[in-house]
$ cat protein_29.cif   # mmCIF, C-alpha atoms
data_query
#
loop_
_atom_site.label_atom_id
_atom_site.label_comp_id
_atom_site.auth_asym_id
_atom_site.auth_seq_id
_atom_site.Cartn_x
_atom_site.Cartn_y
_atom_site.Cartn_z
CA MET A 29 50.46 -6.61 -16.12
CA ALA A 30 47.72 -4.05 -15.77
CA SER A 31 48.22 -1.02 -13.57
CA ILE A 32 46.30 -0.66 -10.31
CA ASN A 33 43.98 1.97 -11.80
CA GLU A 34 43.26 -0.20 -14.86
CA THR A 35 42.56 -3.17 -12.63
CA LEU A 36 40.21 -1.16 -10.41
CA ALA A 37 38.31 0.01 -13.48
CA GLU A 38 37.70 -3.62 -14.45
CA TYR A 39 36.96 -5.20 -11.08
CA GLY A 40 35.60 -2.37 -8.95
CA GLY A 41 36.43 -1.48 -5.36
CA PHE A 42 38.77 1.21 -4.08
CA ILE A 43 42.13 1.81 -2.39
CA SER A 44 42.44 3.09 1.16
CA ASN A 45 45.16 3.43 3.77
CA ASN A 46 42.83 2.09 6.48
CA LEU A 47 40.50 -0.85 6.97
CA THR A 48 37.33 1.11 7.69
CA GLY A 49 34.33 -0.63 6.16
CA CYS A 50 36.05 -3.99 5.73
CA THR A 51 33.85 -6.95 6.65
CA ASP A 52 36.40 -9.67 5.82
CA LEU A 53 39.94 -9.25 7.16
CA SER A 54 41.05 -12.86 6.73
CA GLN A 55 43.73 -11.95 4.18
CA ILE A 56 45.20 -9.04 6.10
CA SER A 57 46.79 -10.67 9.14
CA ALA A 58 49.75 -12.10 7.22
CA ARG A 59 50.88 -8.67 6.01
CA THR A 60 50.25 -6.13 8.74
CA ALA A 61 53.08 -3.99 7.38
CA SER A 62 50.96 -2.98 4.39
CA THR A 63 50.05 0.72 4.34
CA GLU A 64 47.38 0.55 1.64
CA PHE A 65 44.62 -1.93 1.09
CA TYR A 66 42.33 -2.95 -1.72
CA HIS A 67 38.65 -2.90 -0.67
CA ARG A 68 36.70 -5.31 -2.84
CA PRO A 69 33.04 -4.39 -3.52
CA ASP A 70 31.79 -7.22 -1.30
CA GLY A 71 33.66 -5.88 1.76
CA ALA A 72 36.71 -8.17 1.65
CA CYS A 73 40.05 -6.36 1.97
CA PHE A 74 43.49 -7.32 0.71
CA PRO A 75 47.04 -5.91 0.73
CA ILE A 76 47.53 -3.60 -2.22
CA SER A 77 48.98 -4.49 -5.62
CA ALA A 78 47.50 -4.87 -9.08
CA GLU A 79 48.45 -8.55 -8.95
CA GLU A 80 46.57 -9.02 -5.68
CA ILE A 81 43.43 -7.33 -7.03
CA GLN A 82 43.32 -9.46 -10.15
CA PHE A 83 44.21 -12.59 -8.21
CA HIS A 84 41.36 -12.21 -5.74
CA ALA A 85 38.99 -11.21 -8.51
CA PHE A 86 39.65 -14.63 -10.12
CA TYR A 87 39.73 -16.91 -7.07
CA GLY A 88 37.78 -14.86 -4.56
CA TYR A 89 40.09 -16.22 -1.85
CA VAL A 90 43.63 -17.42 -1.28
CA PRO A 91 43.61 -21.20 -1.86
CA SER A 92 44.39 -23.30 1.20
CA TYR A 93 48.03 -24.33 1.29
CA GLY A 94 47.27 -27.26 3.58
CA ALA A 95 44.54 -28.59 1.28
CA GLY A 96 46.86 -28.07 -1.68
CA ILE A 97 49.60 -30.19 -0.14
CA ALA A 98 47.18 -32.90 1.02
CA PHE A 99 45.40 -33.34 -2.32
CA THR A 100 48.64 -33.07 -4.30
CA VAL A 101 50.09 -35.97 -2.29
CA LEU A 102 46.91 -38.07 -2.47
CA PHE A 103 46.40 -37.60 -6.20
CA GLY A 104 50.10 -38.22 -6.80
CA LEU A 105 49.96 -41.53 -4.91
CA LEU A 106 46.81 -42.63 -6.75
CA THR A 107 48.42 -41.76 -10.09
CA VAL A 108 51.36 -44.06 -9.35
CA ILE A 109 49.16 -46.85 -7.95
CA LEU A 110 46.71 -46.79 -10.86
CA LEU A 111 49.54 -46.65 -13.38
CA GLY A 112 51.17 -49.72 -11.84
CA MET A 113 47.88 -51.62 -11.73
CA THR A 114 47.12 -50.77 -15.35
CA ILE A 115 50.55 -51.89 -16.56
CA LYS A 116 50.13 -55.16 -14.66
CA SER A 117 46.65 -55.73 -16.14
CA LYS A 118 47.94 -55.03 -19.70
CA ARG A 119 44.69 -53.20 -20.52
CA TRP A 120 46.44 -50.30 -22.20
CA TRP A 121 43.26 -48.35 -22.97
CA TYR A 122 42.82 -48.02 -19.19
CA LEU A 123 45.83 -45.68 -19.11
CA ILE A 124 43.28 -42.87 -19.43
CA VAL A 125 42.58 -43.30 -15.69
CA PRO A 126 46.15 -42.72 -14.43
CA PHE A 127 46.44 -39.97 -17.04
CA GLY A 128 43.36 -38.27 -15.59
CA ALA A 129 44.74 -38.80 -12.09
CA GLY A 130 47.96 -37.15 -13.27
CA CYS A 131 45.93 -34.15 -14.44
CA GLU A 132 44.39 -33.91 -10.97
CA PHE A 133 47.90 -34.09 -9.52
CA GLY A 134 49.11 -31.32 -11.82
CA GLY A 135 46.06 -29.18 -11.14
CA TRP A 136 46.57 -29.39 -7.41
CA ILE A 137 50.21 -28.44 -7.81
CA GLY A 138 48.85 -25.30 -9.49
CA ARG A 139 46.50 -24.57 -6.59
CA THR A 140 49.32 -25.12 -4.10
CA MET A 141 51.47 -22.71 -6.08
CA SER A 142 48.60 -20.20 -6.01
CA ALA A 143 48.58 -20.37 -2.22
CA THR A 144 52.31 -19.65 -2.27
CA TYR A 145 52.45 -17.00 -5.01
CA HIS A 146 49.39 -14.90 -4.23
CA SER A 147 51.55 -11.96 -3.08
CA ASP A 148 54.19 -12.42 -5.79
CA ALA A 149 54.71 -9.45 -8.09
CA SER A 150 55.44 -11.77 -11.02
CA ASN A 151 53.07 -13.67 -13.29
CA ALA A 152 53.67 -16.92 -11.40
CA ASN A 153 50.29 -16.75 -9.67
CA TYR A 154 48.45 -16.39 -12.98
CA GLN A 155 50.33 -19.28 -14.53
CA ALA A 156 49.35 -21.38 -11.52
CA PHE A 157 45.72 -20.28 -11.88
CA LEU A 158 45.73 -21.21 -15.56
CA CYS A 159 47.27 -24.60 -14.77
CA GLN A 160 44.76 -25.57 -12.10
CA ILE A 161 41.62 -24.32 -13.84
CA VAL A 162 42.29 -26.15 -17.12
CA MET A 163 43.65 -29.39 -15.67
CA LEU A 164 41.07 -29.81 -12.91
CA THR A 165 38.26 -29.06 -15.35
CA ILE A 166 39.14 -31.68 -17.95
CA CYS A 167 40.02 -34.58 -15.58
CA PRO A 168 36.49 -36.05 -15.29
CA VAL A 169 36.38 -36.49 -19.08
CA PHE A 170 39.00 -39.22 -18.78
CA PHE A 171 37.20 -40.84 -15.85
CA SER A 172 33.87 -40.96 -17.67
CA GLY A 173 35.70 -42.49 -20.64
CA ALA A 174 36.98 -45.22 -18.33
CA CYS A 175 33.41 -45.92 -17.18
CA TYR A 176 32.36 -46.38 -20.81
CA GLY A 177 35.20 -48.81 -21.44
CA LEU A 178 34.53 -50.79 -18.27
CA TYR A 179 30.89 -51.04 -19.27
CA VAL A 180 31.96 -52.98 -22.38
CA VAL A 181 34.06 -55.34 -20.24
CA ALA A 182 31.22 -55.92 -17.77
CA VAL A 183 28.47 -56.49 -20.36
CA LYS A 184 30.65 -58.82 -22.43
CA HIS A 185 31.19 -61.10 -19.45
CA LEU A 186 27.73 -60.85 -17.95
CA ASP A 187 25.30 -61.21 -20.86
CA PRO A 188 25.77 -59.25 -24.09
CA THR A 189 22.57 -60.72 -25.56
CA ILE A 190 20.26 -58.53 -23.46
CA SER A 191 21.98 -55.27 -24.35
CA ALA A 192 19.63 -53.25 -26.58
CA ILE A 193 22.64 -51.60 -28.25
CA SER A 194 26.03 -53.12 -28.98
CA PRO A 195 28.18 -52.17 -25.96
CA ARG A 196 31.17 -51.47 -28.17
CA LYS A 197 29.21 -49.19 -30.52
CA LEU A 198 27.66 -47.49 -27.52
CA THR A 199 31.06 -46.84 -26.02
CA ILE A 200 32.42 -45.43 -29.28
CA ALA A 201 29.51 -42.98 -29.38
CA PHE A 202 30.08 -41.91 -25.76
CA VAL A 203 33.84 -41.56 -26.27
CA ILE A 204 33.21 -39.25 -29.23
CA CYS A 205 30.93 -37.18 -26.98
CA ASP A 206 33.69 -37.19 -24.36
CA ILE A 207 36.21 -35.83 -26.84
CA VAL A 208 33.80 -33.07 -27.88
CA SER A 209 33.25 -32.21 -24.22
CA LEU A 210 37.00 -32.18 -23.60
CA LEU A 211 37.65 -29.79 -26.48
CA ILE A 212 34.87 -27.42 -25.40
CA GLN A 213 35.99 -27.38 -21.76
CA ALA A 214 39.67 -27.00 -22.58
CA ALA A 215 38.93 -24.11 -24.92
CA GLY A 216 36.56 -22.43 -22.48
CA GLY A 217 38.88 -22.92 -19.53
CA GLY A 218 41.92 -21.62 -21.38
CA LEU A 219 40.12 -18.58 -22.78
CA THR A 220 38.51 -17.75 -19.44
CA SER A 221 41.66 -17.99 -17.38
CA SER A 222 43.65 -15.88 -19.86
CA ALA A 223 40.96 -13.24 -20.37
CA LYS A 224 42.28 -9.68 -20.17
CA THR A 225 39.03 -8.05 -19.07
CA LYS A 226 36.07 -8.96 -16.87
CA ALA A 227 33.76 -8.75 -19.89
CA ASP A 228 35.86 -11.31 -21.80
CA GLN A 229 36.00 -13.53 -18.73
CA ASP A 230 32.20 -13.60 -18.48
CA LYS A 231 31.84 -14.28 -22.22
CA TYR A 232 34.24 -17.21 -22.27
CA THR A 233 32.65 -18.68 -19.15
CA HIS A 234 29.60 -19.58 -21.24
CA VAL A 235 31.81 -21.81 -23.40
CA PHE A 236 33.26 -23.34 -20.26
CA VAL A 237 29.83 -24.09 -18.78
CA ALA A 238 28.53 -25.51 -22.08
CA GLY A 239 31.26 -28.15 -22.07
CA ILE A 240 30.55 -29.14 -18.46
CA ILE A 241 26.79 -29.35 -19.06
CA PHE A 242 27.32 -31.43 -22.20
CA GLN A 243 29.51 -33.88 -20.28
CA LEU A 244 26.97 -34.05 -17.44
CA VAL A 245 24.09 -34.82 -19.81
CA VAL A 246 26.09 -37.54 -21.59
CA MET A 247 27.00 -39.11 -18.24
CA LEU A 248 23.35 -39.09 -17.15
CA VAL A 249 22.31 -40.81 -20.40
CA PHE A 250 25.07 -43.40 -19.94
CA SER A 251 23.97 -44.07 -16.35
CA ALA A 252 20.36 -44.51 -17.45
CA ILE A 253 21.42 -47.03 -20.11
CA GLY A 254 23.59 -48.87 -17.60
CA LEU A 255 20.77 -49.02 -15.05
CA HIS A 256 18.35 -50.31 -17.70
CA TYR A 257 20.81 -53.08 -18.60
CA TYR A 258 21.30 -54.05 -14.95
CA LEU A 259 17.54 -54.29 -14.32
CA ARG A 260 17.12 -56.55 -17.38
CA LEU A 261 20.04 -58.70 -16.24
CA ARG A 262 18.67 -59.00 -12.72
CA SER A 263 15.21 -59.97 -13.98
CA LYS A 264 16.59 -62.66 -16.31
CA ARG A 265 19.04 -64.18 -13.84
CA ARG A 266 16.63 -64.23 -10.93
CA ALA A 267 14.09 -66.02 -13.11
CA LEU A 268 16.75 -68.65 -13.82
CA GLY A 269 17.83 -68.82 -10.18
CA GLU A 270 21.32 -67.50 -11.00
CA THR A 271 23.54 -65.00 -9.21
CA VAL A 272 22.99 -61.57 -10.74
CA LEU A 273 26.61 -60.46 -10.47
CA PRO A 274 28.92 -63.47 -10.13
CA GLY A 275 32.28 -63.40 -8.42
CA ARG A 276 34.53 -60.42 -8.75
CA LEU A 277 32.42 -58.90 -11.50
CA ALA A 278 30.15 -57.53 -8.75
CA TYR A 279 33.00 -55.25 -7.62
CA LEU A 280 33.62 -54.15 -11.20
CA VAL A 281 29.97 -53.21 -11.73
CA TRP A 282 29.64 -51.37 -8.44
CA GLY A 283 32.91 -49.59 -9.16
CA ILE A 284 31.48 -48.31 -12.46
CA ALA A 285 28.26 -47.25 -10.72
CA GLY A 286 30.09 -45.48 -7.89
CA ALA A 287 32.49 -43.65 -10.21
CA SER A 288 29.62 -42.57 -12.47
CA PHE A 289 27.66 -41.20 -9.52
CA LEU A 290 30.65 -39.22 -8.24
CA ILE A 291 31.31 -37.76 -11.70
CA ILE A 292 27.66 -36.69 -11.93
CA VAL A 293 27.78 -35.02 -8.48
CA ARG A 294 30.92 -33.14 -9.46
CA GLY A 295 29.41 -32.09 -12.81
CA ALA A 296 26.24 -30.82 -11.14
CA TYR A 297 28.29 -28.79 -8.68
CA ARG A 298 30.53 -27.22 -11.33
CA THR A 299 27.50 -26.38 -13.44
CA ALA A 300 25.79 -24.62 -10.51
CA GLU A 301 29.05 -22.95 -9.51
CA LEU A 302 29.83 -21.40 -12.89
CA ALA A 303 26.19 -20.57 -13.58
CA GLU A 304 26.58 -17.99 -10.79
CA GLY A 305 29.57 -16.47 -12.58
CA TRP A 306 33.10 -15.88 -11.32
CA SER A 307 31.95 -13.83 -8.36
CA GLY A 308 29.16 -16.16 -7.18
CA TYR A 309 28.78 -17.61 -3.72
CA LEU A 310 29.90 -21.15 -4.57
CA ILE A 311 33.02 -20.21 -6.50
CA GLU A 312 34.27 -17.83 -3.79
CA HIS A 313 33.99 -20.40 -0.99
CA GLU A 314 36.75 -22.99 -1.31
CA GLY A 315 35.02 -25.48 0.96
CA TYR A 316 32.49 -26.29 -1.74
CA PHE A 317 35.24 -26.88 -4.27
CA ILE A 318 37.14 -29.17 -1.91
CA GLY A 319 34.02 -31.09 -0.91
CA LEU A 320 32.19 -31.36 -4.22
CA ASP A 321 35.04 -31.40 -6.72
CA ALA A 322 38.32 -32.55 -5.19
CA THR A 323 36.79 -35.08 -2.78
CA MET A 324 34.44 -36.45 -5.44
CA MET A 325 37.33 -37.01 -7.85
CA LEU A 326 39.50 -38.53 -5.12
CA LEU A 327 36.73 -41.01 -4.24
CA CYS A 328 36.21 -41.69 -7.94
CA LEU A 329 39.86 -42.72 -8.32
CA ILE A 330 39.62 -44.87 -5.20
CA ALA A 331 36.58 -46.59 -6.75
CA PHE A 332 38.60 -47.22 -9.91
CA ALA A 333 41.46 -48.64 -7.85
CA LEU A 334 39.26 -50.97 -5.79
CA SER A 335 37.38 -52.23 -8.86
CA HIS A 336 40.37 -52.29 -11.21
CA PRO A 337 40.20 -55.05 -13.86
CA VAL A 338 43.52 -56.40 -12.59
CA PHE A 339 41.50 -57.64 -9.59
CA THR A 340 37.93 -57.88 -10.82
CA CYS A 341 38.37 -59.26 -14.31
CA PRO A 342 41.93 -60.46 -14.96
CA LYS A 343 42.30 -61.74 -18.47
CA GLY A 344 42.67 -65.36 -17.37
CA LEU A 345 39.15 -65.27 -15.90
CA GLU A 346 37.37 -63.71 -18.88
CA ASP A 347 36.21 -66.88 -20.61
CA HIS A 348 35.17 -68.40 -17.30
CA TYR A 349 33.04 -65.37 -16.45
CA ALA A 350 31.38 -65.61 -19.81
CA ASN A 351 30.42 -69.18 -18.96
CA GLY A 352 28.81 -68.24 -15.65
CA LEU A 353 31.63 -68.58 -13.12
CA THR A 354 30.38 -68.58 -9.49
CA SER A 355 32.17 -67.05 -6.51
CA SER A 356 33.14 -70.48 -5.10
CA GLN A 357 34.41 -71.67 -8.46
CA GLU A 358 36.39 -68.48 -8.87
CA LYS A 359 38.27 -69.11 -5.62
CA ASN A 360 39.35 -72.57 -6.80
CA LEU A 361 40.33 -71.47 -10.30
CA ASN A 362 44.06 -71.35 -11.06
CA VAL A 363 44.44 -68.38 -13.38
CA GLN A 364 47.18 -68.99 -15.94
CA GLY A 365 47.19 -65.42 -17.28
CA GLY A 366 46.28 -66.30 -20.87
CA THR A 367 44.57 -63.77 -23.11
CA PRO A 368 41.46 -65.21 -24.77
CA THR A 369 40.74 -64.18 -28.32
CA GLY A 370 38.70 -60.97 -28.51
CA SER A 371 39.33 -59.94 -24.91
CA VAL A 372 38.76 -56.28 -24.10
#
$ encode --input "protein_29.cif" --output "structure tokens"
Amino acid sequence: MASINETLAEYGGFISNNLTGCTDLSQISARTASTEFYHRPDGACFPISAEEIQFHAFYGYVPSYGAGIAFTVLFGLLTVILLGMTIKSKRWWYLIVPFGAGCEFGGWIGRTMSATYHSDASNANYQAFLCQIVMLTICPVFFSGACYGLYVVAVKHLDPTISAISPRKLTIAFVICDIVSLLIQAAGGGLTSSAKTKADQDKYTHVFVAGIIFQLVVMLVFSAIGLHYYLRLRSKRRALGETVLPGRLAYLVWGIAGASFLIIVRGAYRTAELAEGWSGYLIEHEGYFIGLDATMMLLCLIAFALSHPVFTCPKGLEDHYANGLTSSQEKNLNVQGGTPTGSV
């Protein structure tokens, strides 16, 4: 661990035995016994230690313990629920959703640990920081992948003939883009969080941001293609006097749309956040992270749960959907649980 003088040289500020000039004392009240304080350049003051200086230079605040506990519990519950639903549905490719939820769960454990370890003289706080920044960054990659897969399911059972591009080929292309995005973000996140100097941190952040922007652009393209397909479907079915989205498939489609929108909102926020750098306004105010990252991902998982194929497109209904099943017919259908040939 760097010495206090080495840390000050990297991050700026000064040490004083009083709080004169401090404009933010929110981190002082818990340790009034401290005799020296670190004055950050922006006026915030913290109890003195090299670990504290580096810690606040990364986060810009002490993460909320209450929020950490709440989101850890919520993401943990959703991980278990989505895993159970996926096993029941036997759509094994959909395991990417509970896996992503598990990453959210692990990331929030890291943030909760950060709230606990921020005054620890060991490296525990930095390990927690590394855990949360990498895991919470890569989670949406798995959720966008799920949207691509669900798109194949929806198009197959709605009307594959009006799709300008084969849904399966389209999904393969998007999944490849997802993997590229995942690798870029994981590399950028890992390098940034383990950077030894502020200069290295800033340099690696560009890699981090590039991965997030790439994922955002791919998701926007996917959403545009999905919207174009829906408009063509609506035009055709209305002309024939048919229901645009029959039965439970309506919930599946709106689940895909809702999850995609939430992923885009989160991507736009993270792009704006990191574009300001690691000492920008957005990144140093936890409320934005909770509202535009954690909450968006929580709602995304809820959308996946409510529109899960185990409810919206169980395998016994697949052939019937393909033949134009109506809502009233669906209610009277006795699903036997068979798996039609070529089911997704």
$ residues_around --input "protein_29.cif" --residues "segment 329-341 of chain A" --least-positions-apart "6" --cutoff "6 Å" --atoms "all atoms listed in the file" --output "PDB file with C-alpha atoms, in the coordinates of the input"
ATOM      1  CA  SER A 117      46.650 -55.730 -16.140  1.00  0.00           C
ATOM      2  CA  ARG A 276      34.530 -60.420  -8.750  1.00  0.00           C
ATOM      3  CA  LEU A 277      32.420 -58.900 -11.500  1.00  0.00           C
ATOM      4  CA  TYR A 279      33.000 -55.250  -7.620  1.00  0.00           C
ATOM      5  CA  LEU A 280      33.620 -54.150 -11.200  1.00  0.00           C
ATOM      6  CA  GLY A 283      32.910 -49.590  -9.160  1.00  0.00           C
TER       7      GLY A 283
END
$ residues_around --input "protein_29.cif" --residues "Ile193 of chain A" --least-positions-apart "5" --cutoff "12 Å" --atoms "all atoms listed in the file" --output "PDB file with C-alpha atoms, in the frame of the given file"
ATOM      1  CA  VAL A 180      31.960 -52.980 -22.380  1.00  0.00           C
ATOM      2  CA  VAL A 183      28.470 -56.490 -20.360  1.00  0.00           C
ATOM      3  CA  PRO A 188      25.770 -59.250 -24.090  1.00  0.00           C
ATOM      4  CA  LEU A 198      27.660 -47.490 -27.520  1.00  0.00           C
ATOM      5  CA  THR A 199      31.060 -46.840 -26.020  1.00  0.00           C
ATOM      6  CA  ILE A 200      32.420 -45.430 -29.280  1.00  0.00           C
ATOM      7  CA  ALA A 201      29.510 -42.980 -29.380  1.00  0.00           C
ATOM      8  CA  PHE A 250      25.070 -43.400 -19.940  1.00  0.00           C
ATOM      9  CA  ILE A 253      21.420 -47.030 -20.110  1.00  0.00           C
ATOM     10  CA  GLY A 254      23.590 -48.870 -17.600  1.00  0.00           C
ATOM     11  CA  HIS A 256      18.350 -50.310 -17.700  1.00  0.00           C
ATOM     12  CA  TYR A 257      20.810 -53.080 -18.600  1.00  0.00           C
TER      13      TYR A 257
END
$ atom_distance --input "protein_29.cif" --atom1 "atom CA of Leu326 of chain A" --atom2 "atom CA of Val245 of chain A"
21.6 Å
$ resolve_selection --input "protein_29.cif" --expression "the PyMOL selection byres ((chain A and resi 169) around 10)" --output "list in words"
Ile124, Val125, Gly128, Thr165, Ile166, Cys167, Pro168, Phe170, Phe171, Ser172, Gly173, Ala174, Val203, Cys205, Asp206, Ile207, Val208, Ser209, Leu210, Gln213, Ile240, Gln243, Leu244, Met247 and Ile291 of chain A
$ atom_distance --input "protein_29.cif" --atom1 "atom CA of Gly134 of chain A" --atom2 "atom CA of Tyr297 of chain A"
21.2 Å
$ closest_residue --input "protein_29.cif" --among "A:Leu47, A:Ile292, A:Ile97, A:Met113" --to "Ser142 of chain A" --atoms "only C-alpha atoms"
A:Ile97
$ residues_around --input "protein_29.cif" --residues "Ser54 of chain A" --least-positions-apart "5" --cutoff "9 Å" --atoms "only C-alpha atoms" --output "list in words"
Ala72, Cys73 and Phe74 of chain A
$ resolve_selection --input "protein_29.cif" --expression "the PyMOL selection byres ((chain A and resi 233) around 8)" --output "list in words"
Gly216, Gly217, Thr220, Gln229, Asp230, Lys231, Tyr232, His234, Val235, Phe236, Val237, Leu302 and Gly305 of chain A
$ closest_residue --input "protein_29.cif" --among "A:Gly269, A:Pro126, A:Gly295, A:Pro342" --to "Leu248 of chain A" --atoms "all atoms listed in the file"
A:Gly295
$ residues_near_point --input "protein_29.cif" --point "(48.5, -37.8, -12.1)" --cutoff "8 Å" --atoms "all atoms listed in the file" --output "list in words"
Phe103, Gly104, Leu106, Thr107, Val108, Pro126, Phe127, Gly128, Ala129, Gly130, Cys131, Glu132, Phe133 and Gly134 of chain A
$ closest_residue --input "protein_29.cif" --among "A:Ser44, A:Trp121, A:Ala278, A:Pro91" --to "Glu312 of chain A" --atoms "all atoms listed in the file"
A:Pro91
$ atom_distance --input "protein_29.cif" --atom1 "atom CA of Arg294 of chain A" --atom2 "atom CA of Met324 of chain A"
6.3 Å
$ closest_residue --input "protein_29.cif" --among "A:Phe42, A:Trp282, A:Phe202, A:Trp136" --to "Asp70 of chain A" --atoms "all atoms listed in the file"
A:Phe42
$ closest_residue --input "protein_29.cif" --among "A:Ala95, A:Leu53, A:Ala215, A:Leu186" --to "Gly319 of chain A" --atoms "all atoms listed in the file"
A:Ala95
$ closest_residue --input "protein_29.cif" --among "A:Ile109, A:Tyr176, A:Tyr66, A:Arg266" --to "Ile204 of chain A" --atoms "all atoms listed in the file"
A:Tyr176
$ axis_aligned_box --input "protein_29.cif" --around "segment 198-213 of chain A" --padding-each-side "3 Å" --output "AutoDock Vina command-line options"
--center_x 32.7 --center_y -37.4 --center_z -25.6 --size_x 16.0 --size_y 26.1 --size_z 13.6
$ build_atoms --input "protein_29.cif" --residues "segment 124-143 of chain A" --atoms "N, CA and C atoms" --output "PDB file, in the frame of the given file"
ATOM      1  N   ILE A 124      43.959 -44.152 -19.556  1.00  0.00           N
ATOM      2  CA  ILE A 124      43.280 -42.870 -19.430  1.00  0.00           C
ATOM      3  C   ILE A 124      42.978 -42.535 -17.967  1.00  0.00           C
ATOM      4  N   VAL A 125      42.861 -43.573 -17.108  1.00  0.00           N
ATOM      5  CA  VAL A 125      42.580 -43.300 -15.690  1.00  0.00           C
ATOM      6  C   VAL A 125      43.800 -42.721 -14.986  1.00  0.00           C
ATOM      7  N   PRO A 126      44.987 -43.375 -15.045  1.00  0.00           N
ATOM      8  CA  PRO A 126      46.150 -42.720 -14.430  1.00  0.00           C
ATOM      9  C   PRO A 126      46.508 -41.394 -15.089  1.00  0.00           C
ATOM     10  N   PHE A 127      46.194 -41.258 -16.391  1.00  0.00           N
ATOM     11  CA  PHE A 127      46.440 -39.970 -17.040  1.00  0.00           C
ATOM     12  C   PHE A 127      45.553 -38.892 -16.423  1.00  0.00           C
ATOM     13  N   GLY A 128      44.270 -39.211 -16.236  1.00  0.00           N
ATOM     14  CA  GLY A 128      43.360 -38.270 -15.590  1.00  0.00           C
ATOM     15  C   GLY A 128      43.787 -37.969 -14.169  1.00  0.00           C
ATOM     16  N   ALA A 129      44.253 -39.004 -13.463  1.00  0.00           N
ATOM     17  CA  ALA A 129      44.740 -38.800 -12.090  1.00  0.00           C
ATOM     18  C   ALA A 129      45.959 -37.880 -12.103  1.00  0.00           C
ATOM     19  N   GLY A 130      46.797 -38.033 -13.138  1.00  0.00           N
ATOM     20  CA  GLY A 130      47.960 -37.150 -13.270  1.00  0.00           C
ATOM     21  C   GLY A 130      47.554 -35.710 -13.505  1.00  0.00           C
ATOM     22  N   CYS A 131      46.453 -35.506 -14.231  1.00  0.00           N
ATOM     23  CA  CYS A 131      45.930 -34.150 -14.440  1.00  0.00           C
ATOM     24  C   CYS A 131      45.455 -33.556 -13.118  1.00  0.00           C
ATOM     25  N   GLU A 132      44.796 -34.372 -12.299  1.00  0.00           N
ATOM     26  CA  GLU A 132      44.390 -33.910 -10.970  1.00  0.00           C
ATOM     27  C   GLU A 132      45.621 -33.519 -10.157  1.00  0.00           C
ATOM     28  N   PHE A 133      46.648 -34.353 -10.224  1.00  0.00           N
ATOM     29  CA  PHE A 133      47.900 -34.090  -9.520  1.00  0.00           C
ATOM     30  C   PHE A 133      48.502 -32.765  -9.980  1.00  0.00           C
ATOM     31  N   GLY A 134      48.565 -32.559 -11.295  1.00  0.00           N
ATOM     32  CA  GLY A 134      49.110 -31.320 -11.820  1.00  0.00           C
ATOM     33  C   GLY A 134      48.276 -30.112 -11.461  1.00  0.00           C
ATOM     34  N   GLY A 135      46.952 -30.276 -11.505  1.00  0.00           N
ATOM     35  CA  GLY A 135      46.060 -29.180 -11.140  1.00  0.00           C
ATOM     36  C   GLY A 135      46.223 -28.750  -9.697  1.00  0.00           C
ATOM     37  N   TRP A 136      46.400 -29.735  -8.830  1.00  0.00           N
ATOM     38  CA  TRP A 136      46.570 -29.390  -7.410  1.00  0.00           C
ATOM     39  C   TRP A 136      47.948 -28.826  -7.100  1.00  0.00           C
ATOM     40  N   ILE A 137      48.923 -29.148  -7.928  1.00  0.00           N
ATOM     41  CA  ILE A 137      50.210 -28.440  -7.810  1.00  0.00           C
ATOM     42  C   ILE A 137      49.988 -26.965  -8.108  1.00  0.00           C
ATOM     43  N   GLY A 138      49.163 -26.691  -9.140  1.00  0.00           N
ATOM     44  CA  GLY A 138      48.850 -25.300  -9.490  1.00  0.00           C
ATOM     45  C   GLY A 138      48.161 -24.568  -8.360  1.00  0.00           C
ATOM     46  N   ARG A 139      47.193 -25.217  -7.701  1.00  0.00           N
ATOM     47  CA  ARG A 139      46.500 -24.570  -6.590  1.00  0.00           C
ATOM     48  C   ARG A 139      47.440 -24.334  -5.407  1.00  0.00           C
ATOM     49  N   THR A 140      48.347 -25.285  -5.179  1.00  0.00           N
ATOM     50  CA  THR A 140      49.320 -25.120  -4.100  1.00  0.00           C
ATOM     51  C   THR A 140      50.253 -23.949  -4.408  1.00  0.00           C
ATOM     52  N   MET A 141      50.643 -23.837  -5.667  1.00  0.00           N
ATOM     53  CA  MET A 141      51.470 -22.710  -6.080  1.00  0.00           C
ATOM     54  C   MET A 141      50.713 -21.394  -5.904  1.00  0.00           C
ATOM     55  N   SER A 142      49.410 -21.410  -6.183  1.00  0.00           N
ATOM     56  CA  SER A 142      48.600 -20.200  -6.010  1.00  0.00           C
ATOM     57  C   SER A 142      48.605 -19.761  -4.552  1.00  0.00           C
ATOM     58  N   ALA A 143      48.550 -20.709  -3.641  1.00  0.00           N
ATOM     59  CA  ALA A 143      48.580 -20.370  -2.220  1.00  0.00           C
ATOM     60  C   ALA A 143      49.922 -19.779  -1.822  1.00  0.00           C
TER      61      ALA A 143
END
